[in-house]
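Structure file entry10.json (JSON, C-alpha atoms) follows.
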[["chain", "number", "residue", "atom", "x", "y", "z"],
["J", 12, "MET", "CA", 23.17, 4.71, -7.75],
["J", 13, "ALA", "CA", 19.67, 5.04, -9.19],
["J", 14, "ASP", "CA", 18.06, 8.47, -9.15],
["J", 15, "ARG", "CA", 15.97, 9.18, -6.08],
["J", 16, "VAL", "CA", 12.24, 8.98, -6.80],
["J", 17, "THR", "CA", 9.50, 11.23, -5.47],
["J", 18, "THR", "CA", 7.87, 9.36, -2.60],
["J", 19, "THR", "CA", 4.20, 9.93, -1.70],
["J", 20, "PRO", "CA", 3.19, 9.46, 1.95],
["J", 21, "ILE", "CA", -0.09, 7.72, 2.81],
["J", 22, "VAL", "CA", -1.55, 7.69, 6.32],
["J", 23, "ALA", "CA", -3.27, 4.50, 7.48],
["J", 24, "LEU", "CA", -6.77, 4.98, 8.90],
["J", 25, "ASP", "CA", -6.60, 1.81, 10.98],
["J", 26, "VAL", "CA", -9.58, 2.73, 13.16],
["J", 27, "PRO", "CA", -12.97, 1.06, 13.71],
["J", 28, "THR", "CA", -15.35, 3.85, 12.69],
["J", 29, "VAL", "CA", -15.78, 6.51, 10.01],
["J", 30, "ALA", "CA", -16.10, 9.12, 12.76],
["J", 31, "ALA", "CA", -12.68, 8.22, 14.15],
["J", 32, "ALA", "CA", -11.20, 8.21, 10.65],
["J", 33, "MET", "CA", -12.61, 11.63, 9.82],
["J", 34, "ARG", "CA", -11.27, 13.10, 13.06],
["J", 35, "LEU", "CA", -7.80, 12.08, 11.90],
["J", 36, "VAL", "CA", -8.36, 13.39, 8.39],
["J", 37, "GLU", "CA", -9.63, 16.72, 9.70],
["J", 38, "ARG", "CA", -6.81, 17.04, 12.20],
["J", 39, "LEU", "CA", -4.12, 16.38, 9.59],
["J", 40, "GLY", "CA", -5.75, 18.68, 7.04],
["J", 41, "ASP", "CA", -3.38, 19.74, 4.27],
["J", 42, "ALA", "CA", -0.52, 17.82, 5.91],
["J", 43, "CYS", "CA", -1.85, 14.63, 4.26],
["J", 44, "ARG", "CA", -3.99, 14.20, 1.16],
["J", 45, "PHE", "CA", -3.73, 10.41, 0.72],
["J", 46, "TYR", "CA", -5.18, 7.84, 3.14],
["J", 47, "LYS", "CA", -5.31, 4.09, 3.48],
["J", 48, "VAL", "CA", -8.66, 2.44, 4.18],
["J", 49, "GLY", "CA", -7.90, -1.10, 5.27],
["J", 50, "LEU", "CA", -9.75, -4.18, 6.39],
["J", 51, "GLU", "CA", -10.73, -2.96, 9.86],
["J", 52, "LEU", "CA", -12.42, 0.24, 8.69],
["J", 53, "PHE", "CA", -13.85, -1.15, 5.45],
["J", 54, "THR", "CA", -15.36, -4.16, 7.23],
["J", 55, "ALA", "CA", -16.95, -1.87, 9.82],
["J", 56, "ALA", "CA", -18.21, 0.87, 7.52],
["J", 57, "GLY", "CA", -18.03, -0.39, 3.94],
["J", 58, "PRO", "CA", -17.97, 1.99, 0.97],
["J", 59, "SER", "CA", -18.99, 4.97, 3.14],
["J", 60, "ALA", "CA", -15.46, 4.99, 4.56],
["J", 61, "VAL", "CA", -14.01, 5.60, 1.11],
["J", 62, "GLU", "CA", -16.73, 8.07, 0.17],
["J", 63, "SER", "CA", -16.21, 10.13, 3.34],
["J", 64, "VAL", "CA", -12.48, 10.50, 2.77],
["J", 65, "ARG", "CA", -12.95, 11.21, -0.94],
["J", 66, "ALA", "CA", -15.45, 13.96, -0.07],
["J", 67, "THR", "CA", -12.58, 15.94, 1.49],
["J", 68, "GLY", "CA", -10.68, 15.85, -1.80],
["J", 69, "ALA", "CA", -8.11, 13.34, -0.52],
["J", 70, "GLN", "CA", -7.14, 10.17, -2.38],
["J", 71, "VAL", "CA", -7.82, 6.69, -1.03],
["J", 72, "PHE", "CA", -5.65, 3.58, -1.02],
["J", 73, "LEU", "CA", -8.11, 0.70, -0.55],
["J", 74, "ASP", "CA", -6.01, -1.99, 1.10],
["J", 75, "LEU", "CA", -8.22, -5.09, 0.91],
["J", 76, "LYS", "CA", -5.55, -7.59, -0.21],
["J", 77, "LEU", "CA", -7.97, -9.45, -2.48],
["J", 78, "HIS", "CA", -7.26, -13.14, -3.11],
["J", 79, "ASP", "CA", -10.01, -15.02, -4.96],
["J", 80, "ILE", "CA", -10.88, -16.45, -8.34],
["J", 81, "PRO", "CA", -10.16, -14.06, -11.24],
["J", 82, "ASN", "CA", -13.79, -13.26, -12.01],
["J", 83, "THR", "CA", -14.54, -12.26, -8.43],
["J", 84, "VAL", "CA", -11.43, -10.08, -8.21],
["J", 85, "ARG", "CA", -12.26, -8.48, -11.57],
["J", 86, "GLY", "CA", -15.64, -7.41, -10.23],
["J", 87, "ALA", "CA", -14.19, -6.10, -6.98],
["J", 88, "ALA", "CA", -11.60, -4.01, -8.85],
["J", 89, "ARG", "CA", -14.32, -2.59, -11.05],
["J", 90, "SER", "CA", -16.32, -1.62, -7.96],
["J", 91, "ALA", "CA", -13.26, -0.04, -6.32],
["J", 92, "THR", "CA", -12.79, 2.20, -9.35],
["J", 93, "VAL", "CA", -16.44, 3.29, -9.37],
["J", 94, "LEU", "CA", -16.13, 3.99, -5.64],
["J", 95, "GLY", "CA", -13.24, 6.36, -6.35],
["J", 96, "ALA", "CA", -10.27, 4.47, -4.88],
["J", 97, "SER", "CA", -6.91, 5.41, -6.40],
["J", 98, "LEU", "CA", -5.07, 2.26, -5.33],
["J", 99, "LEU", "CA", -6.27, -1.29, -4.55],
["J", 100, "THR", "CA", -4.28, -4.28, -3.28],
["J", 101, "VAL", "CA", -4.51, -7.90, -4.36],
["J", 102, "HIS", "CA", -2.28, -10.78, -3.27],
["J", 103, "ALA", "CA", 0.41, -11.63, -5.83],
["J", 104, "ALA", "CA", 0.12, -15.22, -4.59],
["J", 105, "GLY", "CA", -3.27, -15.34, -6.32],
["J", 106, "GLY", "CA", -1.40, -15.75, -9.59],
["J", 107, "VAL", "CA", -0.89, -13.92, -12.86],
["J", 108, "ASP", "CA", -4.42, -14.54, -14.16],
["J", 109, "MET", "CA", -5.99, -13.14, -11.00],
["J", 110, "MET", "CA", -3.79, -10.03, -11.08],
["J", 111, "LYS", "CA", -4.58, -9.50, -14.77],
["J", 112, "ALA", "CA", -8.28, -9.77, -13.96],
["J", 113, "ALA", "CA", -7.92, -7.03, -11.34],
["J", 114, "VAL", "CA", -6.32, -4.72, -13.90],
["J", 115, "GLU", "CA", -9.05, -5.56, -16.42],
["J", 116, "GLY", "CA", -11.79, -4.85, -13.89],
["J", 117, "ALA", "CA", -10.34, -1.48, -12.96],
["J", 118, "ASP", "CA", -9.87, -0.51, -16.61],
["J", 119, "ALA", "CA", -13.39, -1.62, -17.53],
["J", 120, "ALA", "CA", -14.89, 0.75, -14.95],
["J", 121, "ASP", "CA", -12.87, 3.72, -16.18],
["J", 122, "ALA", "CA", -15.09, 4.97, -19.02],
["J", 123, "PRO", "CA", -18.57, 4.59, -17.48],
["J", 124, "SER", "CA", -17.51, 6.13, -14.16],
["J", 125, "ARG", "CA", -15.59, 8.95, -15.87],
["J", 126, "ARG", "CA", -12.85, 8.50, -13.30],
["J", 127, "PRO", "CA", -9.26, 7.35, -13.66],
["J", 128, "ALA", "CA", -8.93, 3.60, -13.29],
["J", 129, "CYS", "CA", -7.97, 2.38, -9.83],
["J", 130, "ARG", "CA", -4.35, 1.24, -9.97],
["J", 131, "ILE", "CA", -3.61, -2.28, -8.79],
["J", 132, "LEU", "CA", -0.85, -3.11, -6.32],
["J", 133, "ALA", "CA", 0.22, -6.72, -5.72],
["J", 134, "VAL", "CA", 1.15, -7.66, -2.15],
["J", 135, "THR", "CA", 4.32, -9.76, -2.06],
["J", 136, "VAL", "CA", 5.38, -10.78, 1.47],
["J", 137, "LEU", "CA", 3.71, -9.16, 4.48],
["J", 138, "THR", "CA", 6.04, -6.96, 6.52],
["J", 139, "SER", "CA", 4.98, -8.85, 9.65],
["J", 140, "MET", "CA", 6.65, -12.01, 8.33],
["J", 141, "ASP", "CA", 10.28, -12.96, 8.83],
["J", 142, "ALA", "CA", 12.04, -15.98, 7.29],
["J", 143, "PRO", "CA", 10.77, -18.60, 9.82],
["J", 144, "ALA", "CA", 7.18, -17.34, 9.51],
["J", 145, "LEU", "CA", 7.37, -17.37, 5.73],
["J", 146, "ALA", "CA", 8.79, -20.90, 5.69],
["J", 147, "ALA", "CA", 6.04, -22.13, 8.02],
["J", 148, "ALA", "CA", 3.30, -20.50, 5.93],
["J", 149, "SER", "CA", 4.63, -21.69, 2.57],
["J", 150, "GLY", "CA", 5.76, -25.15, 3.63],
["J", 151, "ARG", "CA", 9.16, -24.52, 2.02],
["J", 152, "SER", "CA", 12.22, -24.65, 4.23],
["J", 153, "GLY", "CA", 15.05, -22.22, 3.63],
["J", 154, "ILE", "CA", 12.86, -19.67, 1.88],
["J", 155, "GLU", "CA", 13.95, -16.06, 2.36],
["J", 156, "PRO", "CA", 11.60, -13.04, 2.20],
["J", 157, "GLY", "CA", 13.85, -11.19, -0.25],
["J", 158, "ALA", "CA", 13.90, -13.99, -2.81],
["J", 159, "GLU", "CA", 10.14, -14.53, -2.50],
["J", 160, "VAL", "CA", 9.46, -10.80, -2.95],
["J", 161, "LEU", "CA", 11.47, -10.79, -6.20],
["J", 162, "ARG", "CA", 9.75, -13.93, -7.49],
["J", 163, "LEU", "CA", 6.29, -12.48, -6.84],
["J", 164, "SER", "CA", 7.32, -9.09, -8.23],
["J", 165, "GLU", "CA", 8.27, -10.69, -11.54],
["J", 166, "MET", "CA", 4.82, -12.31, -11.66],
["J", 167, "ALA", "CA", 3.24, -8.93, -10.93],
["J", 168, "ALA", "CA", 5.19, -7.29, -13.73],
["J", 169, "GLU", "CA", 4.02, -10.02, -16.11],
["J", 170, "ALA", "CA", 0.42, -9.34, -15.06],
["J", 171, "GLY", "CA", 0.75, -5.63, -15.83],
["J", 172, "VAL", "CA", -0.19, -4.26, -12.42],
["J", 173, "HIS", "CA", 0.80, -0.74, -11.36],
["J", 174, "GLY", "CA", 3.14, -1.86, -8.61],
["J", 175, "VAL", "CA", 3.92, -4.08, -5.65],
["J", 176, "VAL", "CA", 3.82, -3.87, -1.88],
["J", 177, "CYS", "CA", 7.08, -4.90, -0.23],
["J", 178, "SER", "CA", 9.12, -4.00, 2.82],
["J", 179, "GLY", "CA", 11.79, -1.33, 2.75],
["J", 180, "HIS", "CA", 14.39, -4.09, 2.95],
["J", 181, "GLU", "CA", 13.44, -5.36, -0.52],
["J", 182, "VAL", "CA", 12.41, -2.19, -2.35],
["J", 183, "ALA", "CA", 15.86, -1.47, -3.83],
["J", 184, "ALA", "CA", 16.13, -5.03, -5.16],
["J", 185, "VAL", "CA", 12.66, -4.77, -6.73],
["J", 186, "ARG", "CA", 13.63, -1.49, -8.35],
["J", 187, "ASP", "CA", 16.85, -2.99, -9.68],
["J", 188, "ARG", "CA", 15.07, -6.09, -11.01],
["J", 189, "CYS", "CA", 11.91, -4.51, -12.46],
["J", 190, "GLY", "CA", 12.83, -0.86, -12.98],
["J", 191, "ASP", "CA", 10.00, 1.44, -14.00],
["J", 192, "LYS", "CA", 7.64, -1.49, -14.70],
["J", 193, "LEU", "CA", 6.50, -1.47, -11.08],
["J", 194, "ALA", "CA", 5.79, 1.22, -8.54],
["J", 195, "ARG", "CA", 6.83, 0.26, -5.01],
["J", 196, "LEU", "CA", 4.68, 0.80, -1.92],
["J", 197, "VAL", "CA", 6.38, 0.31, 1.44],
["J", 198, "PRO", "CA", 4.30, -0.25, 4.61],
["J", 199, "GLY", "CA", 5.75, -0.78, 8.07],
["J", 200, "ILE", "CA", 7.22, 2.73, 8.20],
["J", 201, "ARG", "CA", 8.50, 3.83, 11.60],
["J", 202, "LEU", "CA", 10.17, 7.07, 12.68],
["J", 203, "ALA", "CA", 13.63, 6.65, 14.17],
["J", 204, "GLY", "CA", 13.39, 5.51, 17.78],
["J", 205, "GLY", "CA", 9.76, 4.44, 17.43],
["J", 206, "SER", "CA", 8.30, 1.03, 18.28],
["J", 207, "GLN", "CA", 8.15, -1.70, 15.63],
["J", 208, "HIS", "CA", 4.81, -2.87, 17.09],
["J", 209, "ASP", "CA", 3.80, -6.09, 15.24],
["J", 210, "GLN", "CA", 6.04, -5.51, 12.22],
["J", 211, "ALA", "CA", 9.20, -7.55, 11.57],
["J", 212, "ARG", "CA", 10.80, -5.70, 8.63],
["J", 213, "VAL", "CA", 10.54, -1.94, 9.12],
["J", 214, "VAL", "CA", 12.40, 1.15, 7.86],
["J", 215, "THR", "CA", 12.27, 4.91, 8.38],
["J", 216, "PRO", "CA", 10.77, 7.26, 5.78],
["J", 217, "ALA", "CA", 14.25, 8.41, 4.74],
["J", 218, "GLU", "CA", 15.48, 4.84, 4.29],
["J", 219, "ALA", "CA", 12.45, 3.95, 2.16],
["J", 220, "ALA", "CA", 12.87, 7.04, -0.03],
["J", 221, "ARG", "CA", 16.59, 6.41, -0.58],
["J", 222, "ALA", "CA", 15.84, 2.82, -1.58],
["J", 223, "GLY", "CA", 13.33, 3.92, -4.22],
["J", 224, "ALA", "CA", 9.87, 3.73, -2.64],
["J", 225, "THR", "CA", 7.09, 5.28, -4.73],
["J", 226, "TYR", "CA", 4.69, 5.34, -1.79],
["J", 227, "VAL", "CA", 5.11, 4.82, 1.96],
["J", 228, "VAL", "CA", 2.31, 3.99, 4.39],
["J", 229, "VAL", "CA", 2.61, 5.47, 7.87],
["J", 230, "GLY", "CA", 0.29, 4.34, 10.62],
["J", 231, "ARG", "CA", 0.80, 4.53, 14.35],
["J", 232, "ALA", "CA", 3.94, 6.66, 14.03],
["J", 233, "VAL", "CA", 1.58, 9.48, 12.98],
["J", 234, "THR", "CA", -1.90, 8.50, 14.16],
["J", 235, "GLN", "CA", -0.83, 7.72, 17.73],
["J", 236, "ALA", "CA", 1.68, 10.56, 18.04],
["J", 237, "PRO", "CA", 1.00, 13.26, 20.65],
["J", 238, "ASP", "CA", 0.94, 15.74, 17.76],
["J", 239, "PRO", "CA", -0.01, 13.94, 14.50],
["J", 240, "VAL", "CA", 0.53, 17.06, 12.38],
["J", 241, "GLN", "CA", 4.07, 17.50, 13.71],
["J", 242, "ALA", "CA", 4.77, 13.79, 13.16],
["J", 243, "MET", "CA", 3.47, 14.05, 9.59],
["J", 244, "GLU", "CA", 5.68, 17.07, 8.94],
["J", 245, "ARG", "CA", 8.63, 15.01, 10.16],
["J", 246, "VAL", "CA", 7.71, 12.22, 7.72],
["J", 247, "ARG", "CA", 7.51, 14.71, 4.85],
["J", 248, "ALA", "CA", 10.83, 16.28, 5.79],
["J", 249, "GLU", "CA", 12.54, 12.90, 5.79],
["J", 250, "LEU", "CA", 11.03, 12.01, 2.41],
["J", 251, "ALA", "CA", 12.24, 15.30, 0.99],
["J", 252, "GLY", "CA", 15.72, 14.70, 2.35],
["J", 253, "THR", "CA", 15.70, 17.77, 4.59]]

Whole structure given in structure tokens:
Amino acid sequence: MADRVTTTPIVALDVPTVAAAMRLVERLGDACRFYKVGLELFTAAGPSAVESVRATGAQVFLDLKLHDIPNTVRGAARSATVLGASLLTVHAAGGVDMMKAAVEGADAADAPSRRPACRILAVTVLTSMDAPALAAASGRSGIEPGAEVLRLSEMAAEAGVHGVVCSGHEVAAVRDRCGDKLARLVPGIRLAGGSQHDQARVVTPAEAARAGATYVVVGRAVTQAPDPVQAMERVRAELAGT
């Protein structure tokens, strides 16, 4: 069995305003120092969402899932680094050249901004998709999420990105196939007994950590809990194996 990795928890700020996001950040305090700013919040508030979270000293995972021509993605990655994001997502389906451009853009912004380059994560198969949904979207019958995740992960490794986004059901296979070449971020995390909501392929924090997740993203299991701090402490305990 592969050695267990240290898994970093990230809380998803899937809210419509910076004010709502900052209430969550302030309530969680030292219980969480890494947050996801996704499409809902970034579309509503733009860079100020990232700047507000960064002002507290916390890190930001900018989950924009970019998918465009290489030059456009290169510029966006450069801007994400200047903004202070630690992680940025692009779609692996955009191809090797696009993923390489994202890495180049982040690296190019490193020196002038005097900040570490934003690390690029390639999204493989969304955790909301099961086999029938993936087949319908791709136009390929018989396609399985696990096989597609591995195919896209190999492309991501070729492109030199920091890591991939995959479900907890595929993370062990990605680790076996790509080893230390790729970090592994697992969304769709749910505490035992919690609702799956709109996700199809979910795991608990403990399951993700045992499989080799480098990062896990926790959303409603923490943000909609009666006591978010207590829920976050439960996530951390599971990740630590206690």

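Surrounding stretch 174-184 of chain J within 7 Å are Ile131, Leu132, Ala133, Val134, Thr135, Val136, Thr138, Gly157, Val160, Ser164, Leu193, Ala194, Arg195, Leu196, Val197, Pro198, Arg212, Val213, Val214, Ala219, Ala222, Gly223 and Ala224 of chain J, with only C-alpha atoms counted and residues fewer than 5 positions along the same chain left out.
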
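Pairwise distance (atom CA of J:Glu159, atom CA of J:Ala146) equals 10.5 Å.
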
Neighbour list for J:Ser149 as a tab-separated table (two decimals) with C-alpha atoms, keeping the file's coordinate frame, cut-off 12 Å, all atoms listed in the file, skip fewer than 5 positions in-chain:
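Contents of the output file result29.tsv:
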chain	number	residue	atom	x	y	z
J	104	ALA	CA	0.12	-15.22	-4.59
J	136	VAL	CA	5.38	-10.78	1.47
J	140	MET	CA	6.65	-12.01	8.33
J	142	ALA	CA	12.04	-15.98	7.29
J	143	PRO	CA	10.77	-18.60	9.82
J	144	ALA	CA	7.18	-17.34	9.51
J	154	ILE	CA	12.86	-19.67	1.88
J	155	GLU	CA	13.95	-16.06	2.36
J	156	PRO	CA	11.60	-13.04	2.20
J	159	GLU	CA	10.14	-14.53	-2.50

Kindly assemble as JSON lines a list of the stretch 19-83 of chain J residues that lie within 10 Å of stretch 232-252 of chain J, each paired with its nearest atom pair and their distance in Å to one decimal, using all atoms listed in the file, sorted first by chain and then by ascending residue number.
{"residue": "J:Thr19", "atom": "CA", "partner": "J:Leu250", "partner_atom": "CA", "distance": 8.2}
{"residue": "J:Pro20", "atom": "CA", "partner": "J:Arg247", "partner_atom": "CA", "distance": 7.4}
{"residue": "J:Ile21", "atom": "CA", "partner": "J:Met243", "partner_atom": "CA", "distance": 9.9}
{"residue": "J:Val22", "atom": "CA", "partner": "J:Val233", "partner_atom": "CA", "distance": 7.6}
{"residue": "J:Ala23", "atom": "CA", "partner": "J:Thr234", "partner_atom": "CA", "distance": 7.9}
{"residue": "J:Leu24", "atom": "CA", "partner": "J:Thr234", "partner_atom": "CA", "distance": 8.0}
{"residue": "J:Asp25", "atom": "CA", "partner": "J:Thr234", "partner_atom": "CA", "distance": 8.8}
{"residue": "J:Val26", "atom": "CA", "partner": "J:Thr234", "partner_atom": "CA", "distance": 9.7}
{"residue": "J:Ala32", "atom": "CA", "partner": "J:Thr234", "partner_atom": "CA", "distance": 9.9}
{"residue": "J:Leu35", "atom": "CA", "partner": "J:Thr234", "partner_atom": "CA", "distance": 7.3}
{"residue": "J:Val36", "atom": "CA", "partner": "J:Thr234", "partner_atom": "CA", "distance": 9.9}
{"residue": "J:Arg38", "atom": "CA", "partner": "J:Val240", "partner_atom": "CA", "distance": 7.3}
{"residue": "J:Leu39", "atom": "CA", "partner": "J:Val240", "partner_atom": "CA", "distance": 5.5}
{"residue": "J:Gly40", "atom": "CA", "partner": "J:Val240", "partner_atom": "CA", "distance": 8.4}
{"residue": "J:Asp41", "atom": "CA", "partner": "J:Val240", "partner_atom": "CA", "distance": 9.4}
{"residue": "J:Ala42", "atom": "CA", "partner": "J:Val240", "partner_atom": "CA", "distance": 6.6}
{"residue": "J:Cys43", "atom": "CA", "partner": "J:Met243", "partner_atom": "CA", "distance": 7.6}

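Computed from the coordinates, the atom CA of J:Ser59 to atom CA of J:Ser90 distance equals 13.2 Å.
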
Inset, instruction - Between J:Asp141, J:Pro58, J:Gly68, J:Val172, single out the one closest to J:Thr100, counting all atoms listed in the file. - result: J:Val172

Legend entry - Between atom CA of J:Phe45 and atom CA of J:Ala170, distance in Å (one decimal): 25.6 Å

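Restricting the calculation to only C-alpha atoms, the smallest distance between J:Phe53 and any of J:Thr28, J:Thr225, J:Thr83, J:Gln70 is found for J:Thr28.
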
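Among the candidates J:Ala96, J:Ile200, J:Ala66, J:Ala167, the residue lying nearest to J:Gly49 is J:Ala96 (atoms considered: only C-alpha atoms).
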
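Minimum atom-to-atom distances from J:Met166, J:Val229, J:Leu202, J:Ala87 to J:Ala120 were compared using all atoms listed in the file, and the lowest value belongs to J:Ala87.
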